[in-house]
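Trainee: Following this message is one structure expressed as structure tokens.
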Amino acid sequence: MSKLHQIEGIKIGTSSSNQEYGNRLDTVLVEIKEESKLSGLFTTNNLKAAPVQICSKNILSSNKNKKYLVINAGNANAATGLKGLKDCEQINSFLSKEFSSKKNNFLPFSTGVIGKRLNIPKYKKALIRAKNNLGKSNWKNFAESIMTTDSKIKLIKKTIKVKNKRVNIFAIAKGSAMIHPNMATLLSFVFTDLKISSKDLNKLHKLACNQSLNAISVDGDLSTNDSSLIVATGNSDLNFIESKEIIEKEIINTFKELSKKLMLDAEGSSKLITIKIKGLRSQKLCKKMARHIANSLLLKTAFNGSDPNWGRIIMATCNLEDLPINPNNITLKIGPHKVFSQGELSKNYSESKGLKEFKKKTIVIELVLGKSDHSFEILTCDISPEYIRMNADYR
């Protein structure tokens, strides 16, 4: 086992099914020790892929046996109807016999092309090879295996020390397009040896996702296969309730780091944009406005062209039909520069200042739209000709 493997009770096995990506790794099995706590969050798209439907049911199983993550890349097994569900169940039945374990101990995850049936014979062979590799593959192999159009792996490793006790965290994700809050075309897996109750783990997971995976957007399209999982083995000497604030902060930051990696690898993107909305009547409204602006194609193309066309930001702010904004109540900043306030251009702003900010790889847009203390922040990116090329040629 690689030195990267530092969470006792987690075994990783990877292989290739020799399908969409040739002999590249595309299949993963993860064995999780008995008594571990798991929390899952899934897409809100009404078209839920077969693995999402089965995984969201199986994860609720209260038995304390070993659990297994069963992951494939290249085929989403979505929009495949009852046949797709049966394919997924067939794989679980097959693995149930291989591991002498109940079917509900297997949690399937898929990512890739929508509308294609799984090649069951090839997938079974790949899973046998992955089983034979359990404990031999490492976290990097895992991260490589779940990539689709990703250009780089998303892997985070950290150790937290509290009161002379250690907690290890490993986080892996994939995703580069069809990304929009609730959640995104992504798979995210966070593993820790923290001692924590199921109730606290679920609360922590939701809190972390709301500030990270649910606060990013590439293109406004919500996937069929979004899945986020936290696994806590409980092997650490540290209990969550001993140092709740510290652990909570570190887990949230881990999710935010994953989200940033996803956005920096978004298909064809060249810039990371933070949009901050402040002052509306509730955080929910601030979030709604942030999403709306983040998905403005006119604004995304301006970012790509380094064109400080701030008028597009004001336009997008004022065209949300069920959230009317008075232009006289808008204060807009690009980076440190106040651009627009009380209905007109700021006297101290110049085109050269905006151009300097828009040429940066990371851009911060801030809009104050009222006097409340509520706010929300979202990460997005530019849209480039490369995004169009990659998605036009996806299949």
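For the structure tokens, the naming scheme is as follows: chains receive sequential letters (A, B, ...) according to their order of presentation, residues are indexed from 1 within each chain, and ligands are indexed from 1 in presentation order.
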Quick one: residues within 9 Å of region 272-282 of chain A, only C-alpha atoms counted, chain neighbours fewer than 6 positions away excluded, as a ChimeraX atom specification?
Mentor: /A:260,263-264,289-291,293-294,303,361-382
Trainee: Report as number ranges by chain: the residues of region 54-263 of chain A with a DSSP assignment of helix (DSSP H, G or I), based on the backbone of this structure.
Mentor: A: 54-58, 81-99, 103-105, 120-132, 139-145, 198-210, 213-215, 240-242, 244-263
Trainee: What lies within 6 Å of Gly234 (chain A) using only C-alpha atoms, ignoring chain neighbours under 5 positions off, as a PyMOL selection string?
Mentor: chain A and resi 193-195
Trainee: DSSP on the backbone: what in region 197-286 of chain A comes out strand (DSSP E), as a PyMOL selection string?
Mentor: chain A and resi 216-217+227-232+272-278
Trainee: Write a file of the selected residues as a PDB file, in the first residue's frame, keeping C-alpha atoms.
Mentor:
```pdb
ATOM      1  CA  ILE A 216     -20.296  26.663  -7.375  1.00  0.00           C
ATOM      2  CA  SER A 217     -21.534  26.888 -10.953  1.00  0.00           C
ATOM      3  CA  SER A 227     -23.181  12.426  -5.195  1.00  0.00           C
ATOM      4  CA  SER A 228     -21.294  13.573  -2.124  1.00  0.00           C
ATOM      5  CA  LEU A 229     -20.217  11.111   0.554  1.00  0.00           C
ATOM      6  CA  ILE A 230     -18.485  11.460   3.928  1.00  0.00           C
ATOM      7  CA  VAL A 231     -17.083   8.370   5.625  1.00  0.00           C
ATOM      8  CA  ALA A 232     -15.948   8.480   9.256  1.00  0.00           C
ATOM      9  CA  LEU A 272     -11.930  31.676 -11.173  1.00  0.00           C
ATOM     10  CA  ILE A 273     -14.608  34.225 -10.262  1.00  0.00           C
ATOM     11  CA  THR A 274     -16.039  34.883  -6.811  1.00  0.00           C
ATOM     12  CA  ILE A 275     -19.420  36.622  -6.713  1.00  0.00           C
ATOM     13  CA  LYS A 276     -20.454  38.037  -3.340  1.00  0.00           C
ATOM     14  CA  ILE A 277     -24.005  39.226  -2.749  1.00  0.00           C
ATOM     15  CA  LYS A 278     -24.857  41.208   0.373  1.00  0.00           C
TER      16      LYS A 278
END
```
Trainee: Looking at only C-alpha atoms, which of A:Asn225, A:Asn18, A:Ser145, A:Asn214 is the one that sits closest to Ala126 (chain A)?
Mentor: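 Selected residue with least distance to Ala126 (chain A): A:Asn18.
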Trainee: Measuring between only C-alpha atoms, which one of A:Asp150, A:Asp26, A:Glu8, A:Asp226 shows the shortest distance to Ser56 (chain A)?
Mentor: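 So, comparing all the options, the nearest one is A:Asp226.
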Trainee: So which one's closest to Asn304 (chain A), A:Gly354, A:Pro121, A:Pro385, A:Gly84? Using only C-alpha atoms, please.
Mentor: A:Pro385
Trainee: Using only C-alpha atoms, which protein or nucleic acid residues come within 7 Å of region 305-307 of chain A? Drop anything in the same chain fewer than 3 positions from it, and give the result as a PyMOL selection string.
Mentor: chain A and resi 301-302+355+358-359
Trainee: Write a file of the just-selected residues containing N, CA and C atoms, as a short mmCIF file (atom, residue, chain, number, x, y, z; two decimals), in the first residue's frame.
Mentor:
```cif
data_model
loop_
_atom_site.label_atom_id
_atom_site.label_comp_id
_atom_site.auth_asym_id
_atom_site.auth_seq_id
_atom_site.Cartn_x
_atom_site.Cartn_y
_atom_site.Cartn_z
N THR A 301 -18.61 35.39 -20.85
CA THR A 301 -17.79 35.67 -22.02
C THR A 301 -16.94 36.93 -21.82
N ALA A 302 -17.48 37.91 -21.10
CA ALA A 302 -16.69 39.11 -20.78
C ALA A 302 -15.50 38.75 -19.91
N LEU A 355 -9.90 46.94 -16.20
CA LEU A 355 -9.15 46.08 -17.10
C LEU A 355 -8.09 45.29 -16.34
N PHE A 358 -9.87 42.47 -14.51
CA PHE A 358 -10.41 41.43 -15.39
C PHE A 358 -9.31 40.60 -16.07
N LYS A 359 -8.10 41.10 -16.09
CA LYS A 359 -6.99 40.34 -16.67
C LYS A 359 -6.43 39.32 -15.68
#
```
Trainee: List the neighbours of Leu118 (chain A) out to 12 Å using only C-alpha atoms; skip same-chain residues closer than 2 positions along the sequence, and give me the result as a short mmCIF file (atom, residue, chain, number, x, y, z; two decimals) with N, CA, C and O atoms, in the first residue's frame.
Mentor:
```cif
data_model
loop_
_atom_site.label_atom_id
_atom_site.label_comp_id
_atom_site.auth_asym_id
_atom_site.auth_seq_id
_atom_site.Cartn_x
_atom_site.Cartn_y
_atom_site.Cartn_z
N SER A 17 -11.87 -1.07 -17.16
CA SER A 17 -12.84 -1.92 -17.86
C SER A 17 -12.55 -1.98 -19.35
O SER A 17 -13.26 -2.67 -20.10
N GLN A 19 -12.99 0.27 -21.72
CA GLN A 19 -14.11 0.72 -22.53
C GLN A 19 -13.88 2.15 -23.05
O GLN A 19 -13.08 2.34 -23.96
N GLU A 20 -14.55 3.13 -22.47
CA GLU A 20 -14.52 4.50 -22.98
C GLU A 20 -13.11 5.08 -23.06
O GLU A 20 -12.79 5.85 -23.96
N ALA A 50 -29.71 5.68 -12.07
CA ALA A 50 -29.97 4.43 -11.34
C ALA A 50 -29.08 4.29 -10.11
O ALA A 50 -29.58 3.95 -9.02
N PRO A 51 -27.76 4.53 -10.21
CA PRO A 51 -26.93 4.39 -9.01
C PRO A 51 -27.30 5.36 -7.90
O PRO A 51 -27.20 5.01 -6.71
N ASN A 72 -17.89 3.65 -11.17
CA ASN A 72 -17.39 3.55 -12.54
C ASN A 72 -17.44 4.92 -13.22
O ASN A 72 -18.29 5.75 -12.92
N ALA A 73 -16.50 5.14 -14.11
CA ALA A 73 -16.46 6.37 -14.92
C ALA A 73 -16.63 6.00 -16.39
O ALA A 73 -16.20 4.94 -16.83
N GLY A 74 -17.26 6.91 -17.14
CA GLY A 74 -17.45 6.69 -18.57
C GLY A 74 -18.89 6.42 -18.95
O GLY A 74 -19.30 6.62 -20.09
N ASN A 75 -19.69 5.97 -17.97
CA ASN A 75 -21.10 5.66 -18.22
C ASN A 75 -21.90 6.06 -16.99
O ASN A 75 -21.66 5.54 -15.89
N ALA A 76 -22.83 6.99 -17.15
CA ALA A 76 -23.60 7.51 -16.03
C ALA A 76 -24.72 6.58 -15.58
O ALA A 76 -25.25 6.74 -14.49
N ASN A 77 -25.11 5.62 -16.43
CA ASN A 77 -26.28 4.77 -16.16
C ASN A 77 -27.46 5.64 -15.74
O ASN A 77 -28.14 5.37 -14.75
N ALA A 78 -27.70 6.69 -16.50
CA ALA A 78 -28.81 7.62 -16.26
C ALA A 78 -29.72 7.62 -17.48
O ALA A 78 -29.27 7.41 -18.60
N ALA A 79 -31.01 7.88 -17.26
CA ALA A 79 -32.02 7.84 -18.32
C ALA A 79 -32.04 6.45 -18.97
O ALA A 79 -32.25 6.31 -20.17
N THR A 80 -31.85 5.43 -18.15
CA THR A 80 -31.85 4.04 -18.63
C THR A 80 -33.04 3.27 -18.06
O THR A 80 -33.13 2.05 -18.23
N LYS A 83 -34.43 -0.85 -16.80
CA LYS A 83 -33.30 -1.69 -17.20
C LYS A 83 -32.02 -1.22 -16.52
O LYS A 83 -31.19 -2.04 -16.09
N GLY A 84 -31.85 0.10 -16.39
CA GLY A 84 -30.67 0.64 -15.72
C GLY A 84 -30.64 0.27 -14.24
O GLY A 84 -29.59 -0.07 -13.68
N LEU A 85 -31.82 0.32 -13.62
CA LEU A 85 -31.92 -0.07 -12.21
C LEU A 85 -31.59 -1.56 -12.04
O LEU A 85 -30.88 -1.95 -11.11
N LYS A 86 -32.10 -2.38 -12.96
CA LYS A 86 -31.83 -3.82 -12.89
C LYS A 86 -30.35 -4.11 -13.11
O LYS A 86 -29.76 -5.00 -12.48
N ASP A 87 -29.72 -3.34 -14.03
CA ASP A 87 -28.28 -3.50 -14.26
C ASP A 87 -27.50 -3.21 -12.98
O ASP A 87 -26.57 -3.94 -12.62
N CYS A 88 -27.89 -2.14 -12.31
CA CYS A 88 -27.22 -1.73 -11.08
C CYS A 88 -27.42 -2.78 -10.00
O CYS A 88 -26.48 -3.16 -9.28
N GLU A 89 -28.64 -3.29 -9.88
CA GLU A 89 -28.94 -4.32 -8.88
C GLU A 89 -28.20 -5.62 -9.22
O GLU A 89 -27.76 -6.35 -8.31
N GLN A 90 -28.05 -5.90 -10.51
CA GLN A 90 -27.32 -7.10 -10.92
C GLN A 90 -25.87 -7.04 -10.48
O GLN A 90 -25.30 -8.03 -10.01
N ILE A 91 -25.27 -5.86 -10.62
CA ILE A 91 -23.89 -5.68 -10.18
C ILE A 91 -23.79 -5.87 -8.66
O ILE A 91 -22.87 -6.53 -8.15
N SER A 110 -21.85 6.38 -10.37
CA SER A 110 -21.46 6.36 -11.78
C SER A 110 -21.32 7.79 -12.30
O SER A 110 -21.99 8.71 -11.83
N THR A 111 -20.47 7.95 -13.31
CA THR A 111 -20.33 9.26 -13.96
C THR A 111 -19.93 9.03 -15.40
O THR A 111 -19.20 8.08 -15.71
N GLY A 112 -20.43 9.87 -16.30
CA GLY A 112 -20.10 9.71 -17.71
C GLY A 112 -21.27 10.06 -18.60
O GLY A 112 -22.11 10.91 -18.27
N VAL A 113 -21.38 9.38 -19.72
CA VAL A 113 -22.39 9.68 -20.74
C VAL A 113 -23.77 9.22 -20.26
O VAL A 113 -23.93 8.13 -19.72
N ILE A 114 -24.77 10.08 -20.45
CA ILE A 114 -26.16 9.77 -20.10
C ILE A 114 -26.81 8.97 -21.23
O ILE A 114 -26.58 9.23 -22.41
N GLY A 115 -27.66 7.99 -20.85
CA GLY A 115 -28.47 7.29 -21.83
C GLY A 115 -27.92 5.99 -22.35
O GLY A 115 -28.50 5.37 -23.24
N LYS A 116 -26.79 5.51 -21.79
CA LYS A 116 -26.19 4.26 -22.24
C LYS A 116 -26.30 3.20 -21.15
O LYS A 116 -26.11 3.49 -19.97
N ILE A 120 -22.36 -4.99 -18.76
CA ILE A 120 -22.27 -5.80 -17.55
C ILE A 120 -21.08 -6.77 -17.56
O ILE A 120 -20.32 -6.83 -16.58
N PRO A 121 -20.87 -7.54 -18.63
CA PRO A 121 -19.74 -8.48 -18.62
C PRO A 121 -18.39 -7.79 -18.40
O PRO A 121 -17.57 -8.25 -17.60
N LYS A 122 -18.16 -6.65 -19.09
CA LYS A 122 -16.89 -5.95 -18.94
C LYS A 122 -16.75 -5.32 -17.55
O LYS A 122 -15.67 -5.30 -16.96
N TYR A 123 -17.88 -4.81 -17.04
CA TYR A 123 -17.86 -4.17 -15.73
C TYR A 123 -17.59 -5.20 -14.63
O TYR A 123 -16.82 -4.96 -13.70
N LYS A 124 -18.18 -6.39 -14.76
CA LYS A 124 -17.94 -7.44 -13.77
C LYS A 124 -16.46 -7.84 -13.75
O LYS A 124 -15.86 -8.01 -12.68
#
```
Trainee: Tell me, as a compact mmCIF listing (two decimals) with N, CA, C and O atoms, in the first residue's frame, which residues lie within 9 Å of region 318-323 of chain A, counting only C-alpha atoms; anything in the same chain fewer than 5 positions away does not count.
Mentor:
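Result written to result22.txt:
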```txt
# COMPACT_ATOMS: atom_id res chain seq x y z
N LEU A 285 -32.29 34.63 -0.54
CA LEU A 285 -32.38 35.56 -1.67
C LEU A 285 -31.00 35.94 -2.17
O LEU A 285 -30.78 36.08 -3.39
N LYS A 288 -29.89 33.13 -4.29
CA LYS A 288 -30.61 33.12 -5.57
C LYS A 288 -30.01 34.13 -6.54
O LYS A 288 -29.80 33.81 -7.73
N MET A 289 -29.71 35.32 -6.05
CA MET A 289 -29.11 36.34 -6.91
C MET A 289 -27.70 35.95 -7.34
O MET A 289 -27.32 36.14 -8.51
N HIS A 292 -27.90 33.46 -10.10
CA HIS A 292 -28.39 34.09 -11.33
C HIS A 292 -27.27 34.82 -12.05
O HIS A 292 -27.09 34.65 -13.26
N ILE A 313 -22.93 43.18 -15.50
CA ILE A 313 -23.18 42.77 -14.11
C ILE A 313 -24.44 43.45 -13.60
O ILE A 313 -25.31 42.81 -12.99
```
Trainee: Can you list, as a ChimeraX atom specification, every protein, DNA or RNA residue that comes within 12 Å of Phe255 (chain A) when you count only C-alpha atoms, leaving out same-chain residues fewer than 5 positions away?
Mentor: /A:154-157,169-173,188-191,204-216,228-230,248-250,260-262
Trainee: Please produce a file of the residues just selected, as a compact mmCIF listing (two decimals), in the first residue's frame, where the atoms kept are N, CA and C atoms.
Mentor:
```txt
# COMPACT_ATOMS: atom_id res chain seq x y z
N LYS A 154 -8.34 15.61 -8.45
CA LYS A 154 -8.68 16.48 -7.32
C LYS A 154 -8.51 15.66 -6.05
N LEU A 155 -7.44 15.88 -5.35
CA LEU A 155 -7.09 15.09 -4.17
C LEU A 155 -6.55 16.00 -3.09
N ILE A 156 -7.09 15.87 -1.88
CA ILE A 156 -6.64 16.66 -0.74
C ILE A 156 -6.32 15.71 0.41
N LYS A 157 -5.21 15.94 1.04
CA LYS A 157 -4.80 15.15 2.20
C LYS A 157 -4.40 16.11 3.31
N ILE A 169 -7.74 13.36 7.15
CA ILE A 169 -8.80 13.62 6.17
C ILE A 169 -8.23 13.41 4.77
N PHE A 170 -8.92 12.62 3.96
CA PHE A 170 -8.62 12.49 2.54
C PHE A 170 -9.87 12.86 1.76
N ALA A 171 -9.72 13.68 0.75
CA ALA A 171 -10.87 14.11 -0.04
C ALA A 171 -10.56 13.98 -1.52
N ILE A 172 -11.51 13.44 -2.26
CA ILE A 172 -11.35 13.20 -3.69
C ILE A 172 -12.62 13.65 -4.40
N ALA A 173 -12.47 14.26 -5.56
CA ALA A 173 -13.65 14.66 -6.32
C ALA A 173 -13.35 14.61 -7.80
N SER A 188 -17.98 13.34 -5.12
CA SER A 188 -17.11 13.84 -4.06
C SER A 188 -17.10 12.83 -2.92
N PHE A 189 -15.89 12.46 -2.49
CA PHE A 189 -15.73 11.48 -1.42
C PHE A 189 -14.76 12.03 -0.39
N VAL A 190 -15.21 12.15 0.84
CA VAL A 190 -14.36 12.62 1.92
C VAL A 190 -14.28 11.52 2.97
N PHE A 191 -13.06 11.15 3.34
CA PHE A 191 -12.83 10.09 4.32
C PHE A 191 -12.07 10.67 5.51
N LEU A 204 -23.01 18.02 9.75
CA LEU A 204 -21.75 18.58 9.27
C LEU A 204 -21.66 18.51 7.75
N HIS A 205 -22.11 17.41 7.18
CA HIS A 205 -22.08 17.22 5.73
C HIS A 205 -22.93 18.28 5.02
N LYS A 206 -24.15 18.49 5.51
CA LYS A 206 -25.03 19.49 4.90
C LYS A 206 -24.45 20.89 5.03
N LEU A 207 -23.90 21.19 6.20
CA LEU A 207 -23.30 22.51 6.43
C LEU A 207 -22.14 22.74 5.47
N ALA A 208 -21.28 21.74 5.32
CA ALA A 208 -20.12 21.87 4.44
C ALA A 208 -20.53 21.99 2.98
N CYS A 209 -21.51 21.18 2.55
CA CYS A 209 -21.96 21.23 1.15
C CYS A 209 -22.59 22.56 0.80
N ASN A 210 -23.37 23.11 1.72
CA ASN A 210 -24.04 24.38 1.44
C ASN A 210 -23.07 25.52 1.23
N GLN A 211 -21.87 25.40 1.81
CA GLN A 211 -20.87 26.46 1.66
C GLN A 211 -19.83 26.13 0.57
N SER A 212 -20.01 25.02 -0.12
CA SER A 212 -18.98 24.60 -1.08
C SER A 212 -19.60 24.04 -2.36
N LEU A 213 -19.95 22.76 -2.36
CA LEU A 213 -20.46 22.13 -3.57
C LEU A 213 -21.78 22.73 -4.04
N ASN A 214 -22.54 23.31 -3.09
CA ASN A 214 -23.78 23.99 -3.46
C ASN A 214 -23.56 25.48 -3.68
N ALA A 215 -22.31 25.89 -3.80
CA ALA A 215 -22.00 27.30 -4.03
C ALA A 215 -20.98 27.44 -5.16
N ILE A 216 -21.12 26.57 -6.18
CA ILE A 216 -20.30 26.66 -7.38
C ILE A 216 -21.19 26.49 -8.60
N SER A 228 -22.33 13.18 -3.08
CA SER A 228 -21.29 13.57 -2.12
C SER A 228 -21.39 12.63 -0.93
N LEU A 229 -20.25 12.09 -0.53
CA LEU A 229 -20.22 11.11 0.55
C LEU A 229 -19.15 11.49 1.58
N ILE A 230 -19.48 11.38 2.86
CA ILE A 230 -18.49 11.46 3.93
C ILE A 230 -18.48 10.12 4.65
N GLU A 248 -15.17 21.20 12.60
CA GLU A 248 -16.17 21.74 11.68
C GLU A 248 -15.51 22.66 10.66
N LYS A 249 -14.65 23.54 11.13
CA LYS A 249 -13.96 24.48 10.25
C LYS A 249 -13.08 23.74 9.24
N GLU A 250 -12.35 22.72 9.70
CA GLU A 250 -11.45 21.99 8.82
C GLU A 250 -12.21 21.19 7.76
N LYS A 260 -12.95 24.50 -5.11
CA LYS A 260 -12.04 25.38 -5.85
C LYS A 260 -11.28 24.59 -6.91
N LYS A 261 -10.85 23.38 -6.57
CA LYS A 261 -10.17 22.53 -7.55
C LYS A 261 -11.09 22.20 -8.72
N LEU A 262 -12.37 21.93 -8.42
CA LEU A 262 -13.33 21.65 -9.48
C LEU A 262 -13.48 22.84 -10.42
```
